[in-house]
$ cat query.cif   # mmCIF, C-alpha atoms and all ligand atoms
data_input
#
loop_
_atom_site.label_atom_id
_atom_site.label_comp_id
_atom_site.auth_asym_id
_atom_site.auth_seq_id
_atom_site.Cartn_x
_atom_site.Cartn_y
_atom_site.Cartn_z
CA MET A 1 5.44 -6.06 32.17
CA SER A 2 9.01 -5.06 31.52
CA THR A 3 10.64 -1.84 30.44
CA SER A 4 13.17 -1.57 27.66
CA ASP A 5 15.42 0.98 26.08
CA GLY A 6 15.64 -0.80 22.74
CA ARG A 7 15.92 1.17 19.56
CA ALA A 8 15.66 0.20 15.89
CA THR A 9 15.43 1.80 12.45
CA ALA A 10 13.72 0.22 9.44
CA VAL A 11 13.13 1.20 5.84
CA ALA A 12 10.15 0.09 3.73
CA HIS A 13 8.83 0.90 0.27
CA SER A 14 5.37 1.56 -1.06
CA ASN A 15 3.44 -1.02 -3.06
CA ILE A 16 0.79 -0.67 -5.74
CA ALA A 17 -1.93 -3.31 -6.02
CA LEU A 18 -2.63 -5.02 -9.33
CA VAL A 19 -5.61 -6.80 -7.76
CA LYS A 20 -6.95 -4.36 -5.20
CA TYR A 21 -7.93 -4.61 -1.57
CA TRP A 22 -11.13 -2.63 -1.05
CA GLY A 23 -13.22 -3.38 2.03
CA LYS A 24 -12.64 -4.86 5.47
CA ARG A 25 -14.60 -7.62 7.10
CA ASP A 26 -13.02 -6.78 10.48
CA GLU A 27 -12.31 -3.11 11.15
CA GLU A 28 -10.28 -3.73 14.28
CA LEU A 29 -7.91 -6.34 12.85
CA HIS A 30 -7.97 -5.03 9.25
CA LEU A 31 -9.07 -8.37 7.86
CA PRO A 32 -9.90 -7.77 4.19
CA VAL A 33 -13.00 -9.03 2.39
CA THR A 34 -10.82 -10.26 -0.48
CA GLY A 35 -7.23 -11.25 -1.18
CA SER A 36 -5.04 -8.86 -3.18
CA LEU A 37 -1.78 -8.76 -5.09
CA SER A 38 0.72 -5.93 -5.45
CA LEU A 39 4.10 -4.83 -6.71
CA THR A 40 6.46 -3.31 -4.16
CA LEU A 41 8.30 -0.39 -5.75
CA ASP A 42 11.83 0.89 -5.39
CA ALA A 43 10.50 4.46 -5.10
CA HIS A 44 9.24 6.41 -2.09
CA PRO A 45 10.88 4.66 0.87
CA THR A 46 9.88 5.47 4.43
CA THR A 47 12.54 5.31 7.15
CA THR A 48 11.34 4.99 10.72
CA THR A 49 13.17 4.87 14.04
CA VAL A 50 11.51 3.64 17.23
CA ALA A 51 13.18 4.04 20.63
CA PHE A 52 11.55 2.78 23.81
CA GLY A 53 12.11 4.10 27.33
CA ARG A 54 14.00 7.29 26.53
CA THR A 55 11.21 9.87 26.76
CA ALA A 56 8.68 10.75 29.47
CA GLY A 57 5.71 9.89 27.21
CA ASP A 58 5.06 8.75 23.64
CA GLU A 59 6.41 11.14 21.03
CA VAL A 60 5.73 10.84 17.30
CA VAL A 61 7.51 12.97 14.73
CA LEU A 62 6.52 12.63 11.06
CA ASN A 63 8.74 14.34 8.49
CA GLY A 64 10.25 16.56 11.19
CA GLU A 65 6.89 17.75 12.61
CA PRO A 66 5.14 16.47 15.76
CA ALA A 67 2.23 14.29 14.60
CA THR A 68 -1.29 15.33 15.58
CA GLY A 69 -4.87 14.17 15.07
CA ARG A 70 -5.64 10.96 13.19
CA PRO A 71 -2.07 10.10 12.10
CA LEU A 72 -0.90 10.40 15.72
CA GLU A 73 -3.80 8.27 16.99
CA ARG A 74 -3.05 5.54 14.45
CA VAL A 75 0.63 5.36 15.45
CA LEU A 76 -0.18 5.36 19.19
CA ARG A 77 -2.71 2.55 18.78
CA PHE A 78 -0.14 0.59 16.83
CA LEU A 79 2.52 1.12 19.53
CA ASP A 80 0.02 -0.14 22.13
CA ARG A 81 -0.40 -3.32 20.10
CA VAL A 82 3.35 -3.85 19.94
CA ARG A 83 3.75 -3.16 23.67
CA ALA A 84 0.95 -5.60 24.49
CA GLN A 85 2.50 -8.27 22.25
CA ALA A 86 5.96 -7.75 23.79
CA GLY A 87 4.73 -7.37 27.41
CA LEU A 88 6.40 -4.00 27.48
CA ASP A 89 5.46 -0.90 29.45
CA ALA A 90 7.71 1.88 28.20
CA PRO A 91 7.01 5.11 26.31
CA ALA A 92 8.23 5.29 22.73
CA ARG A 93 9.73 7.93 20.51
CA VAL A 94 8.90 7.43 16.83
CA SER A 95 10.50 9.43 14.10
CA SER A 96 9.57 8.78 10.48
CA GLU A 97 10.68 10.26 7.16
CA ASN A 98 8.35 9.55 4.31
CA THR A 99 9.32 10.49 0.77
CA ALA A 100 5.90 9.94 -0.88
CA PRO A 101 3.26 12.67 -0.87
CA THR A 102 1.22 11.56 2.16
CA ALA A 103 -2.40 10.45 1.68
CA ALA A 104 -2.49 11.09 -2.07
CA GLY A 105 -3.15 7.47 -3.04
CA LEU A 106 0.52 6.63 -3.32
CA ALA A 107 0.41 4.02 -0.59
CA SER A 108 2.39 6.09 1.90
CA SER A 109 0.61 4.28 4.75
CA ALA A 110 1.79 0.92 3.39
CA ALA A 111 5.47 1.87 3.55
CA GLY A 112 4.87 3.80 6.78
CA PHE A 113 3.30 0.99 8.76
CA ALA A 114 5.62 -1.69 7.34
CA ALA A 115 8.63 0.35 8.51
CA LEU A 116 6.96 1.14 11.85
CA ALA A 117 6.09 -2.52 12.42
CA ALA A 118 9.64 -3.70 11.73
CA ALA A 119 11.29 -0.96 13.80
CA ALA A 120 8.85 -1.18 16.74
CA ALA A 121 8.98 -4.99 16.85
CA ALA A 122 12.79 -5.04 16.81
CA ALA A 123 13.07 -2.24 19.39
CA ALA A 124 10.60 -4.08 21.65
CA GLY A 125 12.66 -7.28 21.38
CA LEU A 126 9.97 -9.21 19.49
CA ARG A 127 11.47 -11.86 17.25
CA LEU A 128 8.95 -12.14 14.43
CA SER A 129 9.08 -14.25 11.29
CA PRO A 130 8.41 -12.32 8.03
CA ARG A 131 4.88 -13.74 8.07
CA GLU A 132 4.28 -12.58 11.65
CA LEU A 133 5.66 -9.17 10.74
CA SER A 134 3.22 -9.00 7.82
CA VAL A 135 0.35 -9.80 10.21
CA LEU A 136 1.52 -7.05 12.58
CA ALA A 137 1.97 -4.46 9.81
CA ARG A 138 -1.54 -5.26 8.51
CA LYS A 139 -2.99 -3.99 11.80
CA GLY A 140 -1.49 -0.56 11.11
CA SER A 141 -2.74 -0.32 7.53
CA GLY A 142 -4.04 -3.22 5.47
CA SER A 143 -1.78 -2.66 2.49
CA ALA A 144 1.27 -2.50 4.81
CA ALA A 145 1.04 -6.30 5.11
CA ARG A 146 2.30 -6.40 1.50
CA SER A 147 5.15 -3.88 1.88
CA VAL A 148 6.91 -6.31 4.23
CA PHE A 149 7.97 -8.17 1.06
CA GLY A 150 9.63 -7.09 -2.16
CA GLY A 151 8.52 -7.55 -5.78
CA LEU A 152 5.16 -9.18 -6.46
CA VAL A 153 3.27 -9.95 -3.25
CA LEU A 154 0.07 -11.86 -2.53
CA TRP A 155 -1.97 -10.97 0.58
CA HIS A 156 -4.25 -13.84 1.60
CA ALA A 157 -7.63 -12.67 2.87
CA GLY A 158 -7.33 -15.45 5.45
CA GLU A 159 -9.82 -16.72 8.00
CA ASP A 160 -8.55 -14.93 11.09
CA ASP A 161 -5.73 -12.75 12.38
CA ALA A 162 -2.94 -15.29 11.93
CA SER A 163 -3.99 -16.47 8.47
CA SER A 164 -4.34 -13.01 6.88
CA TYR A 165 -0.74 -12.40 5.81
CA ALA A 166 1.21 -11.55 2.69
CA GLU A 167 3.93 -13.54 0.95
CA PRO A 168 6.11 -13.00 -2.10
CA VAL A 169 5.17 -14.41 -5.50
CA ASP A 170 7.81 -15.55 -7.97
CA ALA A 171 8.07 -13.03 -10.83
CA HIS A 172 10.32 -15.23 -12.97
CA GLY A 173 10.59 -14.04 -16.56
CA LEU A 174 8.85 -10.71 -15.94
CA ASP A 175 10.45 -7.32 -16.43
CA LEU A 176 8.04 -4.96 -14.66
CA ALA A 177 8.12 -1.23 -14.05
CA MET A 178 5.66 1.42 -13.01
CA VAL A 179 5.47 4.99 -14.18
CA ILE A 180 3.90 7.05 -11.41
CA ALA A 181 2.03 10.08 -12.76
CA LEU A 182 1.31 12.65 -10.08
CA VAL A 183 -1.55 14.93 -11.01
CA ASP A 184 -2.35 16.25 -7.55
CA ALA A 185 -0.31 15.82 -4.35
CA ALA A 186 -2.97 17.33 -2.06
CA GLN A 187 -4.45 15.38 0.87
CA LYS A 188 -7.46 13.40 -0.28
CA GLU A 189 -10.87 14.47 0.99
CA VAL A 190 -11.98 10.99 2.02
CA GLY A 191 -9.45 8.60 3.56
CA SER A 192 -9.32 5.05 2.23
CA GLY A 193 -10.74 3.62 5.50
CA GLU A 194 -13.87 5.77 5.39
CA ALA A 195 -14.25 5.27 1.63
CA MET A 196 -14.07 1.48 2.05
CA ARG A 197 -16.61 1.48 4.87
CA ARG A 198 -18.99 3.60 2.81
CA THR A 199 -18.57 1.39 -0.25
CA VAL A 200 -19.11 -1.85 1.66
CA ALA A 201 -22.15 -0.45 3.49
CA THR A 202 -23.91 1.34 0.63
CA SER A 203 -22.68 0.45 -2.86
CA PRO A 204 -25.03 -1.94 -4.68
CA PHE A 205 -22.03 -2.97 -6.79
CA TYR A 206 -19.91 -4.07 -3.83
CA PRO A 207 -21.19 -7.68 -3.64
CA ALA A 208 -20.38 -8.11 -7.33
CA TRP A 209 -16.91 -6.71 -6.76
CA ALA A 210 -16.22 -8.93 -3.78
CA GLY A 211 -17.65 -11.96 -5.58
CA SER A 212 -15.39 -11.56 -8.60
CA CYS A 213 -12.12 -10.89 -6.77
CA ALA A 214 -11.15 -14.48 -5.99
CA ALA A 215 -11.39 -15.46 -9.68
CA GLU A 216 -9.49 -12.32 -10.71
CA LEU A 217 -6.76 -13.14 -8.24
CA GLU A 218 -6.52 -16.68 -9.62
CA SER A 219 -6.31 -15.33 -13.19
CA MET A 220 -3.61 -12.87 -12.10
CA LEU A 221 -1.56 -15.59 -10.40
CA SER A 222 -1.85 -17.76 -13.47
CA ALA A 223 -0.80 -14.84 -15.75
CA ILE A 224 2.21 -14.20 -13.49
CA GLY A 225 3.05 -17.91 -13.51
CA ARG A 226 3.29 -17.91 -17.31
CA ALA A 227 4.95 -14.44 -17.38
CA ASP A 228 2.13 -13.14 -19.58
CA PHE A 229 2.61 -9.38 -19.33
CA THR A 230 -0.41 -8.54 -21.50
CA ALA A 231 -2.77 -10.59 -19.35
CA ILE A 232 -1.29 -9.09 -16.14
CA GLY A 233 -1.80 -5.56 -17.46
CA GLU A 234 -5.31 -6.14 -18.76
CA LEU A 235 -6.39 -7.74 -15.49
CA ALA A 236 -4.82 -4.96 -13.41
CA GLU A 237 -6.43 -2.13 -15.36
CA ALA A 238 -9.87 -3.77 -15.34
CA ASN A 239 -9.62 -4.50 -11.62
CA ALA A 240 -8.76 -0.89 -10.74
CA LEU A 241 -11.60 0.53 -12.86
CA ARG A 242 -14.06 -1.88 -11.25
CA MET A 243 -12.91 -0.87 -7.77
CA HIS A 244 -13.57 2.78 -8.65
CA ALA A 245 -16.96 1.82 -10.11
CA THR A 246 -17.96 0.33 -6.73
CA MET A 247 -17.12 3.58 -4.94
CA LEU A 248 -18.88 5.77 -7.50
CA ALA A 249 -22.04 3.87 -6.61
CA ALA A 250 -21.62 4.45 -2.84
CA VAL A 251 -23.88 6.87 -0.94
CA PRO A 252 -22.58 9.53 -0.90
CA PRO A 253 -20.34 8.67 -3.87
CA VAL A 254 -16.56 8.58 -3.57
CA LEU A 255 -14.85 10.14 -6.57
CA TYR A 256 -11.07 10.36 -6.36
CA TRP A 257 -10.42 11.30 -9.96
CA ALA A 258 -9.31 14.72 -11.18
CA PRO A 259 -9.28 15.93 -14.81
CA GLY A 260 -5.64 14.85 -15.05
CA THR A 261 -6.63 11.30 -14.05
CA ILE A 262 -8.88 10.97 -17.09
CA ALA A 263 -6.32 12.63 -19.36
CA LEU A 264 -3.78 10.03 -18.24
CA LEU A 265 -6.20 7.13 -18.79
CA ALA A 266 -6.73 8.41 -22.33
CA ALA A 267 -2.96 8.78 -22.84
CA VAL A 268 -2.41 5.17 -21.71
CA ARG A 269 -5.01 3.93 -24.22
CA ARG A 270 -3.44 6.00 -26.98
CA ALA A 271 0.05 4.66 -26.16
CA ARG A 272 -1.34 1.12 -26.38
CA ARG A 273 -3.01 1.79 -29.72
CA GLU A 274 0.33 3.05 -30.97
CA GLY A 275 2.02 -0.18 -29.90
CA LEU A 276 3.52 0.87 -26.56
CA GLU A 277 2.08 -1.64 -24.14
CA CYS A 278 1.11 -0.12 -20.77
CA TYR A 279 -1.80 -0.35 -18.34
CA ALA A 280 -3.20 2.07 -15.78
CA THR A 281 -4.11 1.54 -12.16
CA ILE A 282 -5.51 4.08 -9.67
CA ASP A 283 -5.78 3.89 -5.89
CA ALA A 284 -7.53 6.10 -3.33
CA GLY A 285 -6.47 9.34 -5.00
CA PRO A 286 -6.28 11.02 -8.40
CA ASN A 287 -2.79 9.84 -9.36
CA VAL A 288 -2.24 7.18 -11.99
CA LYS A 289 0.34 4.40 -11.90
CA VAL A 290 1.14 2.85 -15.23
CA LEU A 291 2.41 -0.70 -15.42
CA CYS A 292 4.80 -1.42 -18.27
CA ARG A 293 7.83 -3.51 -19.15
CA GLY A 294 11.03 -2.20 -17.58
CA ALA A 295 12.56 -1.88 -21.06
CA ASP A 296 9.68 0.43 -22.13
CA ALA A 297 9.51 2.59 -18.98
CA GLY A 298 11.36 5.61 -20.42
CA ALA A 299 9.26 5.57 -23.60
CA VAL A 300 6.02 5.22 -21.62
CA ARG A 301 6.98 8.14 -19.37
CA ASP A 302 7.82 10.29 -22.41
CA ALA A 303 4.54 9.43 -24.16
CA LEU A 304 2.49 10.23 -21.05
CA ARG A 305 4.42 13.42 -20.41
CA ALA A 306 3.83 14.62 -23.98
CA ALA A 307 0.08 13.99 -23.54
CA VAL A 308 -0.27 15.37 -19.98
CA PRO A 309 2.59 17.83 -19.44
CA GLU A 310 1.11 19.21 -16.21
CA ALA A 311 1.63 15.87 -14.41
CA SER A 312 4.97 14.93 -12.86
CA PHE A 313 6.44 11.51 -13.50
CA THR A 314 8.59 9.02 -11.61
CA VAL A 315 9.76 5.71 -13.02
CA ALA A 316 9.91 2.90 -10.45
CA GLY A 317 11.04 -0.69 -10.65
CA PRO A 318 10.36 -3.61 -8.33
CA GLY A 319 11.59 -2.77 -4.84
CA PRO A 320 12.79 -4.71 -1.81
CA GLY A 321 10.93 -5.79 1.30
CA VAL A 322 11.26 -4.08 4.66
CA ARG A 323 14.76 -4.03 6.09
CA LEU A 324 16.22 -3.20 9.49
CA LEU A 325 19.01 -0.66 9.25
CA GLU A 326 20.13 -0.73 12.87
CA THR A 327 18.93 -2.17 16.09
CA SER A 328 20.20 -2.01 19.66
CA ALA A 329 18.86 -3.39 22.88
CA SER A 330 20.40 -0.90 25.28
CA ALA A 331 20.63 2.87 25.71
CA GLY A 332 23.62 4.44 24.03
CA GLY A 333 24.16 1.44 21.73
CA ALA A 334 24.42 1.61 17.93
O1 LIG B 1 -4.00 0.20 3.28
P1 LIG B 1 -5.11 1.16 3.08
O2 LIG B 1 -6.14 1.05 4.15
O3 LIG B 1 -4.65 2.57 2.87
O4 LIG B 1 -5.91 0.76 1.72
C1 LIG B 1 -5.35 0.85 0.45
C2 LIG B 1 -6.34 0.51 -0.59
C3 LIG B 1 -5.90 0.69 -2.02
O5 LIG B 1 -4.62 1.31 -2.10
C4 LIG B 1 -6.87 1.58 -2.77
C5 LIG B 1 -5.86 -0.66 -2.74
C6 LIG B 1 -4.71 -1.57 -2.37
O6 LIG B 1 -4.90 -2.79 -2.45
O7 LIG B 1 -3.62 -1.08 -2.03
#

$ encode --input "query.cif" --output "structure tokens"
Amino acid sequence: MSTSDGRATAVAHSNIALVKYWGKRDEELHLPVTGSLSLTLDAHPTTTTVAFGRTAGDEVVLNGEPATGRPLERVLRFLDRVRAQAGLDAPARVSSENTAPTAAGLASSAAGFAALAAAAAAAAGLRLSPRELSVLARKGSGSAARSVFGGLVLWHAGEDDASSYAEPVDAHGLDLAMVIALVDAAQKEVGSGEAMRRTVATSPFYPAWAGSCAAELESMLSAIGRADFTAIGELAEANALRMHATMLAAVPPVLYWAPGTIALLAAVRRARREGLECYATIDAGPNVKVLCRGADAGAVRDALRAAVPEASFTVAGPGPGVRLLETSASAGGA
């Protein structure tokens, strides 16, 4: 074991899945039942600094407040993994600024753990390839494996720890954007981890979901390969609705939708009927993300806003992968 006073800061962005990850086959390692595919956005970055060996014990500050409870536990467990991997025995100070509403189904944990993984690994002196960083980030939050990369990203379900990683997918010829419609920024009642466990254990629809995902992923990759926006959108919307159908059938049921969610789904259909092509996707929360062509994003936002004025809207484009902002190996550096 060695001590270190390394320090690093990293920034990562959230991602929204077009073919969803829903269900783990290994709770400890966050190995998913199925592969998934997402778009990293240029909205809602998380910036995280990790400094080893400068405090008496571990300290975690999230958005300026000392972390407590489950979020603190998750970060401490993650730091222990990094220390074990680096052969390091030093307390850490973590400070993270997250610009997405936390735990409202806007993938804040994806950006959070991708940034934490990159900052903690660099501060601990681990030299990881992007693939190894994706594997590490996955152990913080499954979807964080994908936020290591920018643009369209495929996360392989894999066979074991090392083979369950994400990698970028060429988005040649595609002009993608997402309109994020926030209907409720409150903390969700059931976290995604618990909701997944419940769905896998009790939903009679789960085997059908899991069984169809590989083919859906293949269809999505083929649609991306031929830059077929319509097919991408149709597949994404159907996949999200099916994921929610599996959780509605869980015992007890998991229902993330609010009235505004349904109003937005209706507004998306109406926009399509009127010739404005856009497709909805929903994660573990009531908010709706609407996939459209970049050139149509302003018009889609305006159409949705006219239909659901109580929601608030953000237009996002494809965003970059995780990036180190600064790193230093010794106290007082950088
Ligand atoms: O990374 P987690 O454990 O918060 O799971 C995220 C799951 C969904 O956002 C609902 C789907 C996905 O693939 O991102």

$ residues_around --input "query.cif" --residues "Asn63 in chain A" --least-positions-apart "5" --cutoff "7 Å" --atoms "only C-alpha atoms" --output "PyMOL selection string"
chain A and resi 96-98

$ closest_atom_pairs --input "query.cif" --of "chain A" --to "ligand LIG 1 (chain B)" --cutoff "6 Å" --atoms "only C-alpha atoms and all ligand atoms" --output "JSON lines"
{"residue": "A:Ile16", "atom": "CA", "partner": "B:LIG1", "partner_atom": "O7", "distance": 5.8}
{"residue": "A:Ala17", "atom": "CA", "partner": "B:LIG1", "partner_atom": "O6", "distance": 4.7}
{"residue": "A:Lys20", "atom": "CA", "partner": "B:LIG1", "partner_atom": "O6", "distance": 3.8}
{"residue": "A:Tyr21", "atom": "CA", "partner": "B:LIG1", "partner_atom": "O6", "distance": 3.6}
{"residue": "A:Trp22", "atom": "CA", "partner": "B:LIG1", "partner_atom": "C2", "distance": 5.7}
{"residue": "A:Ala107", "atom": "CA", "partner": "B:LIG1", "partner_atom": "O5", "distance": 5.9}
{"residue": "A:Ser109", "atom": "CA", "partner": "B:LIG1", "partner_atom": "O3", "distance": 5.8}
{"residue": "A:Ala110", "atom": "CA", "partner": "B:LIG1", "partner_atom": "O1", "distance": 5.8}
{"residue": "A:Ser141", "atom": "CA", "partner": "B:LIG1", "partner_atom": "O1", "distance": 4.5}
{"residue": "A:Gly142", "atom": "CA", "partner": "B:LIG1", "partner_atom": "O1", "distance": 4.1}
{"residue": "A:Ser143", "atom": "CA", "partner": "B:LIG1", "partner_atom": "O1", "distance": 3.7}
{"residue": "A:Ser192", "atom": "CA", "partner": "B:LIG1", "partner_atom": "O3", "distance": 5.3}
{"residue": "A:Gly193", "atom": "CA", "partner": "B:LIG1", "partner_atom": "O2", "distance": 5.4}
{"residue": "A:Asp283", "atom": "CA", "partner": "B:LIG1", "partner_atom": "C4", "distance": 4.0}
{"residue": "A:Ala284", "atom": "CA", "partner": "B:LIG1", "partner_atom": "C4", "distance": 4.6}

$ write_last_selection --input "query.cif" --atoms "C-alpha atoms" --output "mmCIF file, keeping the file's coordinate frame"
data_model
loop_
_atom_site.group_PDB
_atom_site.id
_atom_site.type_symbol
_atom_site.label_atom_id
_atom_site.label_comp_id
_atom_site.auth_asym_id
_atom_site.auth_seq_id
_atom_site.Cartn_x
_atom_site.Cartn_y
_atom_site.Cartn_z
ATOM 1 C CA ILE A 16 0.790 -0.670 -5.740
ATOM 2 C CA ALA A 17 -1.930 -3.310 -6.020
ATOM 3 C CA LYS A 20 -6.950 -4.360 -5.200
ATOM 4 C CA TYR A 21 -7.930 -4.610 -1.570
ATOM 5 C CA TRP A 22 -11.130 -2.630 -1.050
ATOM 6 C CA ALA A 107 0.410 4.020 -0.590
ATOM 7 C CA SER A 109 0.610 4.280 4.750
ATOM 8 C CA ALA A 110 1.790 0.920 3.390
ATOM 9 C CA SER A 141 -2.740 -0.320 7.530
ATOM 10 C CA GLY A 142 -4.040 -3.220 5.470
ATOM 11 C CA SER A 143 -1.780 -2.660 2.490
ATOM 12 C CA SER A 192 -9.320 5.050 2.230
ATOM 13 C CA GLY A 193 -10.740 3.620 5.500
ATOM 14 C CA ASP A 283 -5.780 3.890 -5.890
ATOM 15 C CA ALA A 284 -7.530 6.100 -3.330
#

$ closest_residue --input "query.cif" --among "A:Glu132, A:Glu59, A:Glu234, A:Glu310" --to "Leu264 in chain A" --atoms "all atoms listed in the file"
A:Glu310

$ closest_residue --input "query.cif" --among "A:Pro45, A:Gly285, A:Gly260, A:Gly6" --to "Ala307 in chain A" --atoms "all atoms listed in the file"
A:Gly260

$ closest_residue --input "query.cif" --among "A:Ala271, A:Ala258, A:Leu276, A:Ile282" --to "Ala245 in chain A" --atoms "all atoms listed in the file"
A:Ile282

$ build_atoms --input "query.cif" --residues "range 143-151 of chain A" --atoms "all heavy atoms" --output "PDB file, keeping the file's coordinate frame"
ATOM      1  N   SER A 143      -2.734  -2.474   3.578  1.00  0.00           N
ATOM      2  CA  SER A 143      -1.780  -2.660   2.490  1.00  0.00           C
ATOM      3  C   SER A 143      -0.336  -2.760   2.988  1.00  0.00           C
ATOM      4  O   SER A 143       0.546  -3.202   2.247  1.00  0.00           O
ATOM      5  CB  SER A 143      -1.911  -1.530   1.470  1.00  0.00           C
ATOM      6  OG  SER A 143      -1.803  -0.276   2.110  1.00  0.00           O
ATOM      7  N   ALA A 144      -0.085  -2.376   4.249  1.00  0.00           N
ATOM      8  CA  ALA A 144       1.270  -2.500   4.810  1.00  0.00           C
ATOM      9  C   ALA A 144       1.692  -3.959   4.940  1.00  0.00           C
ATOM     10  O   ALA A 144       2.888  -4.271   4.919  1.00  0.00           O
ATOM     11  CB  ALA A 144       1.345  -1.805   6.171  1.00  0.00           C
ATOM     12  N   ALA A 145       0.717  -4.859   5.048  1.00  0.00           N
ATOM     13  CA  ALA A 145       1.040  -6.300   5.110  1.00  0.00           C
ATOM     14  C   ALA A 145       1.884  -6.694   3.906  1.00  0.00           C
ATOM     15  O   ALA A 145       2.762  -7.554   3.992  1.00  0.00           O
ATOM     16  CB  ALA A 145      -0.250  -7.112   5.146  1.00  0.00           C
ATOM     17  N   ARG A 146       1.602  -6.046   2.745  1.00  0.00           N
ATOM     18  CA  ARG A 146       2.300  -6.400   1.500  1.00  0.00           C
ATOM     19  C   ARG A 146       3.669  -5.759   1.394  1.00  0.00           C
ATOM     20  O   ARG A 146       4.560  -6.303   0.738  1.00  0.00           O
ATOM     21  CB  ARG A 146       1.422  -6.036   0.288  1.00  0.00           C
ATOM     22  CG  ARG A 146       0.059  -6.769   0.271  1.00  0.00           C
ATOM     23  CD  ARG A 146      -0.738  -6.446  -0.987  1.00  0.00           C
ATOM     24  NE  ARG A 146      -0.787  -5.034  -1.239  1.00  0.00           N
ATOM     25  CZ  ARG A 146      -1.904  -4.313  -1.439  1.00  0.00           C
ATOM     26  NH1 ARG A 146      -3.086  -4.904  -1.425  1.00  0.00           N
ATOM     27  NH2 ARG A 146      -1.831  -3.031  -1.666  1.00  0.00           N
ATOM     28  N   SER A 147       3.853  -4.560   2.004  1.00  0.00           N
ATOM     29  CA  SER A 147       5.150  -3.880   1.880  1.00  0.00           C
ATOM     30  C   SER A 147       6.251  -4.542   2.711  1.00  0.00           C
ATOM     31  O   SER A 147       7.407  -4.154   2.629  1.00  0.00           O
ATOM     32  CB  SER A 147       5.037  -2.400   2.277  1.00  0.00           C
ATOM     33  OG  SER A 147       4.665  -1.616   1.158  1.00  0.00           O
ATOM     34  N   VAL A 148       5.892  -5.548   3.499  1.00  0.00           N
ATOM     35  CA  VAL A 148       6.910  -6.310   4.230  1.00  0.00           C
ATOM     36  C   VAL A 148       7.796  -7.070   3.236  1.00  0.00           C
ATOM     37  O   VAL A 148       8.958  -7.361   3.503  1.00  0.00           O
ATOM     38  CB  VAL A 148       6.219  -7.258   5.241  1.00  0.00           C
ATOM     39  CG1 VAL A 148       7.175  -8.301   5.804  1.00  0.00           C
ATOM     40  CG2 VAL A 148       5.579  -6.428   6.355  1.00  0.00           C
ATOM     41  N   PHE A 149       7.233  -7.374   2.052  1.00  0.00           N
ATOM     42  CA  PHE A 149       7.970  -8.170   1.060  1.00  0.00           C
ATOM     43  C   PHE A 149       8.258  -7.350  -0.198  1.00  0.00           C
ATOM     44  O   PHE A 149       7.563  -6.383  -0.492  1.00  0.00           O
ATOM     45  CB  PHE A 149       7.154  -9.415   0.692  1.00  0.00           C
ATOM     46  CG  PHE A 149       6.868 -10.282   1.887  1.00  0.00           C
ATOM     47  CD1 PHE A 149       5.648 -10.223   2.527  1.00  0.00           C
ATOM     48  CD2 PHE A 149       7.855 -11.110   2.396  1.00  0.00           C
ATOM     49  CE1 PHE A 149       5.392 -11.000   3.656  1.00  0.00           C
ATOM     50  CE2 PHE A 149       7.625 -11.895   3.525  1.00  0.00           C
ATOM     51  CZ  PHE A 149       6.395 -11.834   4.155  1.00  0.00           C
ATOM     52  N   GLY A 150       9.270  -7.781  -0.932  1.00  0.00           N
ATOM     53  CA  GLY A 150       9.630  -7.090  -2.160  1.00  0.00           C
ATOM     54  C   GLY A 150       8.978  -7.732  -3.382  1.00  0.00           C
ATOM     55  O   GLY A 150       8.439  -8.839  -3.309  1.00  0.00           O
ATOM     56  N   GLY A 151       9.015  -7.019  -4.509  1.00  0.00           N
ATOM     57  CA  GLY A 151       8.520  -7.550  -5.780  1.00  0.00           C
ATOM     58  C   GLY A 151       7.019  -7.783  -5.762  1.00  0.00           C
ATOM     59  O   GLY A 151       6.262  -7.029  -5.155  1.00  0.00           O
TER      60      GLY A 151
END
